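Coordinates from structure20.txt are shown below (compact mmCIF, C-alpha atoms).
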```txt
# COMPACT_ATOMS: atom_id res chain seq x y z
CA MET Z 27 82.60 221.13 28.46
CA ARG Z 28 82.95 217.49 29.48
CA PHE Z 29 85.68 215.44 31.11
CA ASP Z 30 86.01 213.21 28.06
CA THR Z 31 89.64 213.75 27.15
CA GLU Z 32 92.55 211.71 28.45
CA TRP Z 33 94.48 214.72 29.71
CA LYS Z 34 91.71 215.63 32.18
CA ALA Z 35 91.13 212.13 33.52
CA HIS Z 36 93.43 212.85 36.48
CA ILE Z 37 91.06 215.59 37.66
CA LEU Z 38 88.18 213.14 38.06
CA ARG Z 39 90.44 210.76 39.97
CA ARG Z 40 91.47 213.52 42.36
CA LEU Z 41 87.87 214.65 42.86
CA ASP Z 42 86.80 211.07 43.55
CA ALA Z 43 89.40 210.91 46.33
CA ILE Z 44 87.85 213.88 48.18
CA ASP Z 45 84.85 213.52 50.47
CA PHE Z 46 82.62 216.38 49.31
CA HIS Z 47 79.31 214.90 50.44
CA GLY Z 48 77.42 217.30 52.70
CA LYS Z 49 80.42 219.64 52.93
CA ARG Z 50 80.20 223.37 52.38
CA VAL Z 51 82.68 223.99 49.57
CA LEU Z 52 83.96 227.26 48.12
CA GLU Z 53 85.58 227.05 44.71
CA ILE Z 54 87.91 229.94 43.79
CA GLY Z 55 88.30 230.47 40.04
CA LEU Z 56 85.60 228.76 38.01
CA GLY Z 57 86.54 228.79 34.33
CA GLN Z 58 83.79 227.02 32.39
CA GLY Z 59 82.43 225.31 35.50
CA SER Z 60 83.71 221.80 34.77
CA ASP Z 61 85.05 221.26 38.27
CA SER Z 62 82.04 223.05 39.75
CA GLU Z 63 79.64 220.59 38.16
CA GLN Z 64 81.64 217.57 39.28
CA ILE Z 65 81.95 218.84 42.87
CA ILE Z 66 78.19 219.42 43.11
CA ARG Z 67 77.51 215.96 41.65
CA ARG Z 68 79.63 214.54 44.47
CA GLY Z 69 77.27 215.97 47.07
CA ALA Z 70 78.85 219.30 48.01
CA ILE Z 71 76.92 222.36 49.15
CA TRP Z 72 78.80 224.45 46.61
CA SER Z 73 79.55 228.17 46.33
CA GLY Z 74 81.72 229.76 43.65
CA LEU Z 75 83.86 232.90 43.32
CA ASP Z 76 85.40 234.39 40.17
CA LEU Z 77 86.69 237.78 39.07
CA SER Z 78 85.25 237.49 35.59
CA PRO Z 79 81.60 238.35 34.90
CA GLU Z 80 81.80 236.11 31.82
CA SER Z 81 82.77 233.12 33.94
CA ILE Z 82 80.01 233.84 36.45
CA SER Z 83 77.47 233.98 33.60
CA ARG Z 84 78.72 230.78 31.95
CA VAL Z 85 78.78 228.79 35.19
CA SER Z 86 75.35 230.06 36.21
CA THR Z 87 73.94 228.98 32.84
CA ARG Z 88 75.70 225.63 32.99
CA LEU Z 89 74.36 224.74 36.42
CA ARG Z 90 70.86 225.95 35.57
CA LEU Z 91 70.70 223.90 32.37
CA ARG Z 92 71.86 220.80 34.24
CA GLY Z 93 69.48 221.38 37.12
CA LEU Z 94 72.29 221.36 39.67
CA PRO Z 95 71.71 223.08 43.04
CA TYR Z 96 74.19 225.45 44.62
CA ASP Z 97 74.37 227.94 47.48
CA ARG Z 98 76.04 231.10 46.17
CA LEU Z 99 77.77 232.28 43.00
CA GLU Z 100 79.66 235.53 43.50
CA ARG Z 101 81.85 237.81 41.45
CA GLY Z 102 84.80 238.98 43.53
CA SER Z 103 88.48 238.73 44.41
CA ALA Z 104 90.23 236.07 46.45
CA LEU Z 105 91.84 238.98 48.32
CA SER Z 106 88.51 240.25 49.62
CA MET Z 107 85.85 237.55 49.55
CA PRO Z 108 82.16 238.30 50.16
CA PHE Z 109 81.71 235.48 52.67
CA ARG Z 110 81.53 235.40 56.44
CA GLU Z 111 84.21 233.93 58.67
CA SER Z 112 84.13 230.15 59.20
CA SER Z 113 81.70 229.55 56.34
CA PHE Z 114 83.26 226.54 54.57
CA ASP Z 115 84.57 223.07 55.27
CA ILE Z 116 86.66 223.03 52.08
CA VAL Z 117 88.13 225.69 49.81
CA PHE Z 118 88.98 224.23 46.40
CA SER Z 119 91.06 225.99 43.75
CA HIS Z 120 92.29 224.35 40.56
CA GLY Z 121 95.05 226.23 38.78
CA VAL Z 122 94.21 229.71 40.09
CA LEU Z 123 96.21 230.63 43.18
CA HIS Z 124 99.54 230.50 41.32
CA HIS Z 125 98.23 233.42 39.22
CA ILE Z 126 97.73 235.73 42.24
CA PRO Z 127 100.76 237.97 42.98
CA ASP Z 128 99.60 238.60 46.56
CA VAL Z 129 99.09 234.94 47.38
CA ILE Z 130 99.92 235.65 51.04
CA GLY Z 131 96.90 237.92 51.19
CA ALA Z 132 94.78 235.31 49.43
CA GLN Z 133 95.72 232.57 51.89
CA LYS Z 134 94.75 234.86 54.79
CA GLU Z 135 91.31 235.34 53.25
CA ILE Z 136 90.98 231.61 52.63
CA ALA Z 137 91.85 230.92 56.27
CA ARG Z 138 89.25 233.49 57.35
CA VAL Z 139 86.36 231.84 55.48
CA LEU Z 140 87.35 228.27 56.43
CA LYS Z 141 85.89 226.65 59.51
CA PRO Z 142 88.39 225.56 62.20
CA GLY Z 143 90.09 222.44 60.89
CA GLY Z 144 88.89 223.17 57.35
CA ARG Z 145 90.86 222.16 54.26
CA LEU Z 146 92.35 224.04 51.35
CA ILE Z 147 92.74 221.80 48.30
CA MET Z 148 94.53 223.36 45.35
CA MET Z 149 96.39 222.59 42.15
CA LEU Z 150 99.66 224.46 41.59
CA TYR Z 151 102.22 224.33 38.81
CA ALA Z 152 105.25 222.26 39.84
CA ARG Z 153 108.77 223.66 39.61
CA ARG Z 154 110.43 220.25 39.43
CA SER Z 155 108.83 219.29 36.15
CA PHE Z 156 109.86 218.54 32.59
CA ASN Z 157 107.76 221.46 31.44
CA TYR Z 158 109.53 224.00 33.66
CA LEU Z 159 113.10 222.66 33.79
CA LEU Z 160 113.47 221.77 30.10
CA SER Z 161 110.62 223.01 27.93
CA ILE Z 162 110.26 226.53 29.35
CA SER Z 163 113.76 227.11 30.75
CA VAL Z 164 115.69 225.79 27.76
CA VAL Z 165 113.73 224.86 24.63
CA ARG Z 166 111.32 227.78 24.48
CA ARG Z 167 113.92 230.41 25.35
CA LEU Z 168 116.25 229.03 22.71
CA GLY Z 169 113.44 228.93 20.15
CA ILE Z 170 112.36 232.50 20.84
CA THR Z 171 115.98 233.68 20.60
CA VAL Z 172 116.47 232.06 17.18
CA LEU Z 173 113.18 233.39 15.83
CA TYR Z 174 113.72 236.90 17.22
CA LEU Z 175 117.28 237.25 15.93
CA GLY Z 176 116.16 235.79 12.61
CA ARG Z 177 113.49 238.52 12.39
CA ALA Z 178 110.72 235.96 12.10
CA HIS Z 179 107.14 237.10 12.67
CA GLY Z 180 105.41 233.83 13.54
CA THR Z 181 101.73 233.30 14.22
CA GLY Z 182 99.59 232.69 17.29
CA ILE Z 183 101.55 231.96 20.47
CA VAL Z 184 104.93 232.42 18.75
CA ALA Z 185 103.90 235.86 17.48
CA GLY Z 186 102.86 236.79 21.01
CA HIS Z 187 106.28 235.88 22.39
CA ILE Z 188 108.09 237.82 19.68
CA GLU Z 189 105.94 240.88 20.36
CA ASN Z 190 106.66 240.60 24.10
CA ALA Z 191 110.40 240.42 23.37
CA LYS Z 192 110.20 243.53 21.20
CA LYS Z 193 108.39 245.50 23.89
CA MET Z 194 110.58 244.41 26.81
CA GLY Z 195 113.85 243.72 25.05
CA LEU Z 196 114.91 240.16 24.23
CA TRP Z 197 117.38 239.52 27.04
CA LYS Z 198 115.18 241.04 29.72
CA TYR Z 199 112.20 239.05 28.46
CA LEU Z 200 114.19 235.81 28.58
CA LYS Z 201 115.03 236.17 32.27
CA MET Z 202 113.06 233.44 34.02
CA SER Z 203 111.63 235.98 36.47
CA ASN Z 204 109.86 237.53 33.46
CA PHE Z 205 109.61 234.62 31.02
CA ILE Z 206 107.72 232.28 33.35
CA HIS Z 207 104.66 234.55 33.37
CA ALA Z 208 104.19 234.18 29.61
CA ASN Z 209 104.79 230.44 29.45
CA THR Z 210 102.24 228.66 31.59
CA ASP Z 211 99.04 230.05 30.07
CA GLY Z 212 100.21 231.86 26.96
CA PRO Z 213 102.19 235.04 26.17
CA SER Z 214 99.38 237.38 27.26
CA ASN Z 215 99.20 235.89 30.78
CA PRO Z 216 100.22 238.59 33.29
CA TYR Z 217 101.48 236.48 36.20
CA SER Z 218 102.37 232.88 37.07
CA LYS Z 219 104.40 231.14 39.73
CA VAL Z 220 105.74 227.61 39.94
CA TYR Z 221 106.03 225.71 43.20
CA ASP Z 222 107.97 223.14 45.11
CA LEU Z 223 106.96 222.15 48.64
CA SER Z 224 109.25 224.67 50.32
CA VAL Z 225 107.60 227.51 48.38
CA VAL Z 226 104.14 226.14 49.23
CA GLU Z 227 105.01 226.32 52.92
CA LYS Z 228 106.42 229.85 52.51
CA ASP Z 229 103.42 231.19 50.60
CA PHE Z 230 100.81 229.51 52.84
CA PRO Z 231 102.26 230.13 56.31
CA GLY Z 232 98.91 229.89 58.08
CA PHE Z 233 98.39 226.28 57.02
CA GLU Z 234 99.85 222.89 57.74
CA LEU Z 235 100.78 220.83 54.67
CA ARG Z 236 98.98 217.49 54.87
CA ARG Z 237 99.43 215.92 51.45
CA ALA Z 238 101.00 216.74 48.08
CA ILE Z 239 100.71 214.68 44.92
CA ARG Z 240 102.70 215.26 41.76
CA ILE Z 241 100.81 214.37 38.60
CA THR Z 242 102.08 214.30 35.03
CA CYS Z 243 99.30 214.72 32.51
CA THR Z 244 99.18 214.77 28.73
CA LEU Z 245 98.17 218.12 27.23
CA PRO Z 246 96.91 219.09 23.77
CA ARG Z 247 99.96 220.29 21.85
CA SER Z 248 98.12 223.40 20.70
CA LEU Z 249 98.26 224.78 24.25
CA TYR Z 250 102.04 224.83 24.49
CA LEU Z 251 104.96 225.83 22.34
CA SER Z 252 106.78 222.50 22.47
CA SER Z 253 106.07 220.14 25.34
CA ASP Z 254 103.02 217.93 25.73
CA ARG Z 255 103.75 216.96 29.34
CA LEU Z 256 102.97 219.08 32.36
CA ARG Z 257 103.62 218.22 35.99
CA VAL Z 258 101.41 219.81 38.59
CA PHE Z 259 100.88 219.63 42.33
CA TRP Z 260 97.61 218.68 43.94
CA VAL Z 261 98.08 219.97 47.46
CA GLY Z 262 95.85 219.52 50.48
CA ILE Z 263 96.63 221.77 53.40
CA SER Z 264 94.67 222.43 56.55
CA GLY Z 265 94.85 223.44 60.16
CA TYR Z 266 94.95 227.23 60.24
CA ILE Z 267 97.45 228.36 62.89
```

As structure tokens - that is how I would like this structure written.
Amino acid sequence: MRFDTEWKAHILRRLDAIDFHGKRVLEIGLGQGSDSEQIIRRGAIWSGLDLSPESISRVSTRLRLRGLPYDRLERGSALSMPFRESSFDIVFSHGVLHHIPDVIGAQKEIARVLKPGGRLIMMLYARRSFNYLLSISVVRRLGITVLYLGRAHGTGIVAGHIENAKKMGLWKYLKMSNFIHANTDGPSNPYSKVYDLSVVEKDFPGFELRRAIRITCTLPRSLYLSSDRLRVFWVGISGYI
């Protein structure tokens, strides 16, 4: 995977703004290893953590084929990380922490493995966004209602939503407390949360918020039911209390 599409250009700009050189960096949630590769290329002493054995295998292969050095690559949970206290200068997590129900527990573990004065840099889905306020809250719920009541079957993502509505009951499924989970990363996604700055401060009480940037990026339409615009937070927080 390469950063050669317009909708990912913002990631490179954000990585360029971070001083990784010579820093011990832990990345939580690795995916295909795109961010991992870029962080290492920017001079980090990189370690990675992921729950999925498939992701660990893919990232290991990717880094080996590219001849990129790293410190450790571990399979494990953000709630119980296999690293010693005060091991890292930076913990980096792109689009992962908003999928952890016990994010309070995760932030405690992150604080434990960070050195004093270390930084947590993360991307979180933004509540005050076109995608959340209009696309998910209004357009998608209306669309699913029409299709469900019209006894449509649909295909792909639409079929997944209709099946969820049948299992849970339409009106219960459409409550935002339930519907949000199935509308950030597809209908099979078990958990998601969207953030504004007040919720960031509530969910990361051991940290001091230093900087937050809202970014609107263009997404491939195939990833979402209707909208091609997503607003996210890049948040840098540090100073464990």

Proximity check stretch 132-199 of chain Z to stretch 222-244 of chain Z, 8 Å, nearest pairs one decimal Å, all atoms listed in the file, as a Markdown table:
```
| residue | atom | partner | partner_atom | distance |
| --- | --- | --- | --- | --- |
| Z:Gln133 | CA | Z:Phe230 | CA | 6.0 |
| Z:Lys134 | CA | Z:Gly232 | CA | 7.3 |
| Z:Ala137 | CA | Z:Gly232 | CA | 7.4 |
| Z:Ala152 | CA | Z:Asp222 | CA | 6.0 |
| Z:Arg153 | CA | Z:Asp222 | CA | 5.6 |
| Z:Arg154 | CA | Z:Asp222 | CA | 6.8 |
```

Open item on the list: Neighbouring residues of Z:Ser113 were defined as those with any atom within 12 Å, considering all atoms listed in the file; residues of the same chain fewer than 3 positions away were excluded. Please report them as a ChimeraX atom specification.
Closed with: /Z:49-52,71-73,97-98,107-110,116-117,135-145

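Here atom CA of Z:Ile126 is placed at a distance of 15.1 Å from atom CA of Z:Asn204.
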
Show me as a PDB file with C-alpha atoms, in the coordinates of the input the residues that reach within 7 Å of (79.6, 214.1, 45.5), counting only C-alpha atoms and using the file's own coordinates.
```pdb
ATOM      1  CA  PHE Z  46      82.620 216.380  49.310  1.00  0.00           C
ATOM      2  CA  HIS Z  47      79.310 214.900  50.440  1.00  0.00           C
ATOM      3  CA  ILE Z  65      81.950 218.840  42.870  1.00  0.00           C
ATOM      4  CA  ILE Z  66      78.190 219.420  43.110  1.00  0.00           C
ATOM      5  CA  ARG Z  67      77.510 215.960  41.650  1.00  0.00           C
ATOM      6  CA  ARG Z  68      79.630 214.540  44.470  1.00  0.00           C
ATOM      7  CA  GLY Z  69      77.270 215.970  47.070  1.00  0.00           C
ATOM      8  CA  ALA Z  70      78.850 219.300  48.010  1.00  0.00           C
TER       9      ALA Z  70
END
```

Open item on the list: Which residues are close to Z:Pro216, i.e. within 9 Å by only C-alpha atoms, leaving aside same-chain residues fewer than 3 positions away? Reply as a list in words.
Closed with: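 My list of contacting residues is His125, His207, Ala208 and Pro213 of chain Z.
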
Open item on the list: One decimal, in Å: what's the spacing between atom CA of Z:Asp115 and atom CA of Z:Leu146?
Closed with: 8.8 Å

Task: Among listed residues Z:His120, Z:His187, Z:Arg39, Z:Lys192, nearest Z:Ser60 (using all atoms listed in the file) - done: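 Answer, going by the shortest atom-to-atom distance: Z:His120.
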
Open item on the list: What's the separation between atom CA of Z:Ile183 and atom CA of Z:Tyr221, in Å to one decimal place?
Closed with: 24.0 Å
